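As structure tokens, the structure follows; a few thoughts come after it.
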Amino acid sequence: MYEIYCKSFCDSNGDGIGDLQGVISKLPMLQELGINCIWFTPIFTSPQVDNGYDVADYQNIDPAYGTLDDFKELLLKAHALGIRILLDMVLNHSSDEHRWFLESRKSKDNPYRNYYIWQPPKTDGSEPNNWGNYFLEGNGSAWTFDKATGEYYLHQYSAKMPDLNWEYVPLREEVYRMMRWWLDMGVDGFRFDIFTRFKKPAGFPDTPKSPNALLDRNGFIVDRDMCTCVDGIHEIWQNIHKNVMEGRDIFTIGEGSGINIQNVADYTAQSRKELDTVYHFNLVSRKRPPFTLQQFRTEQTQWAEVMKKDVWTTQYLSNHDQPRMVSRYGSDGQFRVESAKLLAVLVHTMPGTPFLYQGEEIGMTNVAYSCIENYNDRYTVGEYYSMLENGMEAEQALAILQPKSRDNTRTPYQWNASRHAGFTTGTPWLKVNENYPSVNYEADQKSSDSIFAFYQQLIRMRKDHPAIIGGNLEFVLPDHENVLMYLRRYEQETLLIIANKSDCEVPVQVPPELIGKVFRRLLSNRPETVPSLGGRSAWLPWEAEIYCVENP
Ligand code: GLC
Ligand code: CA
């Protein structure tokens, strides 16, 4: 799966914004890479308050990206190359500029009133409860007062992104019709945005100050569990499945907090008729410190265990909501190329469908803008001003936010060393990362240790080695601080993967269960002249290798 953030991928007409014709021009490159499915982050008509996660028309393409005809052309051309297309359905909320909301706010008896969640003020005129909005906007509340009707509407994110009311059957039916329309057009499935948050707790109770309450602005508490996995959420998904997915050969994936090994099967087991798979945040979150190898082993082992019970999962280390993986989990200086490849090995050889985010295949890195005005990500901007409000110096706030910002992955794709990295002939909507003269697609293609070529090999390997897809997972050297070593076994085949996730050379250790085995090296991120296992005494920094065990 390859994730495209259209706005930053390739601009075909010089307006500084990536577009569908830009993507069409790069389809052959994607086919060469070997991917067979694209997930587009939202490309629908939108005022772009949250870069498309605020949809104003679910049945049209944002004019900045092109037209419906461009999309149909893209669908046709992608299909001809064996590439499927998933759209990002943002159904927890819409834009406040959506026709439904414009109607809804007009009067209490408007036919669209119940498409959204309205509540009267408390007797003192204040907000219905203490819920805070995730972007820390305005006074911090998740409710905004609307003068026209004297009531508040709910928005878990920006006030410009009102929550839809999934309790209301006409809203559901309209959404089902809309999704069937895309599927009838030939779209191959959907990624569902924050799919665990559609159901709100009955009566809208105040949220207690819990360890999950990350932030608090003016007493409004932002708790990621606030509206997450509330009782009744499964009824919603089973209904969507019945009315939209049933009987179609499509792929669906849910994104949301609150997913864990205990509840994942409830959403994704085939017998449940809800979704095909999900992506979870247990290893990847810009809000927590990077994972340790111990955490990595524990999480992956647990998820692999769950996969034995009719569950299929996903692997990723970065996306449009996270920093660049090579900067966060790798080493983006001297070992940029090696560590980008090592992380790619992990993503492609752990159980589950690998997700690549645009630019990973050329080792794009984080960016550090020197002033807040250069940032676009609403989290970064909201958190910045709330930090200043709490007395922090601007410089310190910026330094804390730079490595976490979602803009790290949203900078324009670096195609070549020309102005603006060849992304646009105009002025890019977000500043290009300054390292583009050396880190770019063209330079990578010319290099003898191309990251792109390494990804191609990895993707091909998944097709040739059933153990990567179907094999069980068994960590060896389970306590090593810097080296991951694991086996993937499936029927006759056993693969051994070794990854030194550190800047240092590490003495080779062969665990007792592998002594006397014969190893054939299939892939390495170091030159072929480096002897294979058994022939040397140290693993090099960020070295990653895949072996086939000939006599398991
Ligand atoms: C999801 C999206 C993120 C967006 C949010 C609100 O987490 O991935 O980009 O800001 O939902 O729609
Ligand atoms: Ca454009």
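By convention in this document, the chains of the structure tokens carry letters A, B, ... by their order, each chain's residues are numbered from 1, and ligands are numbered from 1 in the order they are shown.
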Q) Which chains and residue numbers are within 6 Å of ligand 2, counting only C-alpha atoms and all ligand atoms, if I want them as JSON, numbers by chain? A) {"A": [11, 12, 13, 14, 15, 16, 17, 18, 19]}
Pull N, CA, C and O atoms from the residues just selected and write them as a PDB file, in the first residue's frame.
```pdb
ATOM      1  N   ASP A  11       3.080  18.553  -8.770  1.00  0.00           N
ATOM      2  CA  ASP A  11       2.239  19.640  -9.292  1.00  0.00           C
ATOM      3  C   ASP A  11       2.380  19.725 -10.811  1.00  0.00           C
ATOM      4  O   ASP A  11       3.469  19.965 -11.314  1.00  0.00           O
ATOM      5  N   SER A  12       1.290  19.539 -11.523  1.00  0.00           N
ATOM      6  CA  SER A  12       1.380  19.518 -13.000  1.00  0.00           C
ATOM      7  C   SER A  12       1.171  20.882 -13.640  1.00  0.00           C
ATOM      8  O   SER A  12       1.475  21.065 -14.809  1.00  0.00           O
ATOM      9  N   ASN A  13       0.608  21.855 -12.888  1.00  0.00           N
ATOM     10  CA  ASN A  13       0.254  23.112 -13.564  1.00  0.00           C
ATOM     11  C   ASN A  13       0.844  24.366 -12.911  1.00  0.00           C
ATOM     12  O   ASN A  13       0.410  25.476 -13.184  1.00  0.00           O
ATOM     13  N   GLY A  14       1.823  24.174 -12.037  1.00  0.00           N
ATOM     14  CA  GLY A  14       2.570  25.331 -11.544  1.00  0.00           C
ATOM     15  C   GLY A  14       1.858  26.208 -10.532  1.00  0.00           C
ATOM     16  O   GLY A  14       2.303  27.308 -10.249  1.00  0.00           O
ATOM     17  N   ASP A  15       0.751  25.710  -9.939  1.00  0.00           N
ATOM     18  CA  ASP A  15       0.099  26.549  -8.923  1.00  0.00           C
ATOM     19  C   ASP A  15       0.623  26.244  -7.513  1.00  0.00           C
ATOM     20  O   ASP A  15       0.104  26.772  -6.529  1.00  0.00           O
ATOM     21  N   GLY A  16       1.615  25.384  -7.414  1.00  0.00           N
ATOM     22  CA  GLY A  16       2.234  25.118  -6.112  1.00  0.00           C
ATOM     23  C   GLY A  16       1.556  24.019  -5.324  1.00  0.00           C
ATOM     24  O   GLY A  16       1.958  23.703  -4.206  1.00  0.00           O
ATOM     25  N   ILE A  17       0.503  23.429  -5.921  1.00  0.00           N
ATOM     26  CA  ILE A  17      -0.256  22.390  -5.229  1.00  0.00           C
ATOM     27  C   ILE A  17      -0.233  21.112  -6.064  1.00  0.00           C
ATOM     28  O   ILE A  17      -0.578  21.135  -7.261  1.00  0.00           O
ATOM     29  N   GLY A  18       0.153  20.029  -5.458  1.00  0.00           N
ATOM     30  CA  GLY A  18       0.149  18.745  -6.161  1.00  0.00           C
ATOM     31  C   GLY A  18      -1.259  18.434  -6.644  1.00  0.00           C
ATOM     32  O   GLY A  18      -2.238  18.898  -6.072  1.00  0.00           O
ATOM     33  N   ASP A  19      -1.381  17.637  -7.712  1.00  0.00           N
ATOM     34  CA  ASP A  19      -2.708  17.396  -8.282  1.00  0.00           C
ATOM     35  C   ASP A  19      -2.782  16.020  -8.936  1.00  0.00           C
ATOM     36  O   ASP A  19      -1.789  15.298  -9.031  1.00  0.00           O
TER      37      ASP A  19
END
```
Q. Quick one: DSSP helix (DSSP H, G or I) residues in segment 303-440 of chain A, as a ChimeraX atom specification?
A. /A:303-306,325-328,336-349,360-362,372-374,378-389,394-401,406-409,419-422
Q.
as a list in words, please: the residues near Pro541 of chain A (cut-off 7 Å, only C-alpha atoms, same-chain neighbours under 5 positions excluded).
A.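 Close residues of Pro541 of chain A: Asn500, Ser502, Asp503, Cys504 and Glu505 of chain A.
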Let me have all residues with an atom within 7 Å of ligand 1, counting only C-alpha atoms and all ligand atoms, laid out as a PDB file with N, CA, C and O atoms, in the first residue's frame.
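Heads up, here's the output in selection03.pdb:
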```pdb
ATOM      1  N   ASP A  50      -7.985  21.418   7.361  1.00  0.00           N
ATOM      2  CA  ASP A  50      -7.129  20.327   7.821  1.00  0.00           C
ATOM      3  C   ASP A  50      -6.676  19.526   6.596  1.00  0.00           C
ATOM      4  O   ASP A  50      -6.695  18.295   6.594  1.00  0.00           O
ATOM      5  N   TYR A  53      -9.196  16.919   5.317  1.00  0.00           N
ATOM      6  CA  TYR A  53      -9.949  16.143   6.313  1.00  0.00           C
ATOM      7  C   TYR A  53     -11.183  16.931   6.787  1.00  0.00           C
ATOM      8  O   TYR A  53     -11.821  16.580   7.775  1.00  0.00           O
ATOM      9  N   ASP A  54     -11.477  17.985   6.057  1.00  0.00           N
ATOM     10  CA  ASP A  54     -12.680  18.786   6.270  1.00  0.00           C
ATOM     11  C   ASP A  54     -13.397  18.857   4.922  1.00  0.00           C
ATOM     12  O   ASP A  54     -13.105  19.700   4.092  1.00  0.00           O
ATOM     13  N   VAL A  90     -13.846  10.485   5.321  1.00  0.00           N
ATOM     14  CA  VAL A  90     -13.806  11.211   6.585  1.00  0.00           C
ATOM     15  C   VAL A  90     -15.252  11.402   7.020  1.00  0.00           C
ATOM     16  O   VAL A  90     -15.917  12.340   6.589  1.00  0.00           O
ATOM     17  N   TYR A 157     -12.612  18.163  16.463  1.00  0.00           N
ATOM     18  CA  TYR A 157     -11.423  18.855  15.939  1.00  0.00           C
ATOM     19  C   TYR A 157     -11.757  20.347  15.831  1.00  0.00           C
ATOM     20  O   TYR A 157     -12.303  20.919  16.759  1.00  0.00           O
ATOM     21  N   ASP A 193     -11.372   7.363   8.222  1.00  0.00           N
ATOM     22  CA  ASP A 193     -10.729   8.260   9.164  1.00  0.00           C
ATOM     23  C   ASP A 193     -11.361   8.131  10.552  1.00  0.00           C
ATOM     24  O   ASP A 193     -12.583   8.080  10.669  1.00  0.00           O
ATOM     25  N   ILE A 194     -10.535   8.114  11.576  1.00  0.00           N
ATOM     26  CA  ILE A 194     -10.947   8.004  12.991  1.00  0.00           C
ATOM     27  C   ILE A 194     -12.264   7.235  13.169  1.00  0.00           C
ATOM     28  O   ILE A 194     -13.227   7.725  13.740  1.00  0.00           O
ATOM     29  N   GLY A 256      -7.782   4.544  13.695  1.00  0.00           N
ATOM     30  CA  GLY A 256      -8.346   5.144  14.879  1.00  0.00           C
ATOM     31  C   GLY A 256      -7.618   4.794  16.148  1.00  0.00           C
ATOM     32  O   GLY A 256      -7.044   3.710  16.288  1.00  0.00           O
ATOM     33  N   HIS A 320       1.105  10.551   7.018  1.00  0.00           N
ATOM     34  CA  HIS A 320       0.914  12.015   6.954  1.00  0.00           C
ATOM     35  C   HIS A 320       0.641  12.631   8.325  1.00  0.00           C
ATOM     36  O   HIS A 320       0.557  13.850   8.424  1.00  0.00           O
ATOM     37  N   ASP A 321       0.463  11.794   9.357  1.00  0.00           N
ATOM     38  CA  ASP A 321       0.206  12.318  10.706  1.00  0.00           C
ATOM     39  C   ASP A 321       1.418  12.172  11.621  1.00  0.00           C
ATOM     40  O   ASP A 321       1.328  12.449  12.820  1.00  0.00           O
TER      41      ASP A 321
END
```
Q: Enter the distance from atom CA of Asp88 of chain A to atom CA of Glu32 of chain A, in Å, rounded to one decimal.
A: 24.1 Å
**Q.** Closest of A:Ile24, A:Leu496, A:Val169, A:Glu393 to Phe71 of chain A - atom-to-atom distances counting only C-alpha atoms
**A.** A:Ile24
Q: Using atom CA of Glu528 of chain A and atom CA of Val549 of chain A as the two end points, give the distance in Å to one decimal.
A: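 Atom-to-atom, atom CA of Glu528 of chain A and atom CA of Val549 of chain A are spaced 18.4 Å apart.
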Q: For Ile117 of chain A, work out the shell of residues within 10 Å, counting only C-alpha atoms and skipping chain neighbours fewer than 5 positions away, then give it as a VMD selection string.
A: chain A and resid 104 143 151 to 155 162 to 168 200
Q) Quick one: of A:Asp184, A:Glu545, A:Asp109, A:Asp96, who's nearest to Met161 of chain A, counting only C-alpha atoms? A) A:Asp96
Q: Give the answer as one residue: which of A:Asp206, A:Gly254, A:Ser141, A:Leu473 has the shortest atom-to-atom distance to Gln302 of chain A, using only C-alpha atoms?
A: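 Closest to Gln302 of chain A of all the choices is A:Leu473.
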Q) Of the candidates A:Gly232, A:Gly150, A:Gly125, A:Gly352, which one gets nearest to Ile469 of chain A if we count only C-alpha atoms? A)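 Of all the options, A:Gly352 lies closest to Ile469 of chain A.
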Please identify the strand (DSSP E or B) residues within segment 327-432 of chain A (assignment by DSSP from backbone atoms) and present them as a PDB file with N, CA, C and O atoms, in the first residue's frame.
```
ATOM      1  N   THR A 353       0.072  -6.120   6.202  1.00  0.00           N
ATOM      2  CA  THR A 353       0.277  -5.405   4.940  1.00  0.00           C
ATOM      3  C   THR A 353       1.164  -4.179   5.166  1.00  0.00           C
ATOM      4  O   THR A 353       0.853  -3.333   6.001  1.00  0.00           O
ATOM      5  N   PRO A 354       2.275  -4.068   4.430  1.00  0.00           N
ATOM      6  CA  PRO A 354       3.133  -2.900   4.610  1.00  0.00           C
ATOM      7  C   PRO A 354       2.535  -1.651   3.967  1.00  0.00           C
ATOM      8  O   PRO A 354       2.015  -1.707   2.856  1.00  0.00           O
ATOM      9  N   LEU A 356       3.569   2.142   2.795  1.00  0.00           N
ATOM     10  CA  LEU A 356       4.657   3.099   2.543  1.00  0.00           C
ATOM     11  C   LEU A 356       4.033   4.470   2.432  1.00  0.00           C
ATOM     12  O   LEU A 356       2.973   4.609   1.834  1.00  0.00           O
ATOM     13  N   TYR A 357       4.726   5.428   2.921  1.00  0.00           N
ATOM     14  CA  TYR A 357       4.269   6.801   2.755  1.00  0.00           C
ATOM     15  C   TYR A 357       5.181   7.497   1.753  1.00  0.00           C
ATOM     16  O   TYR A 357       6.411   7.344   1.831  1.00  0.00           O
TER      17      TYR A 357
END
```
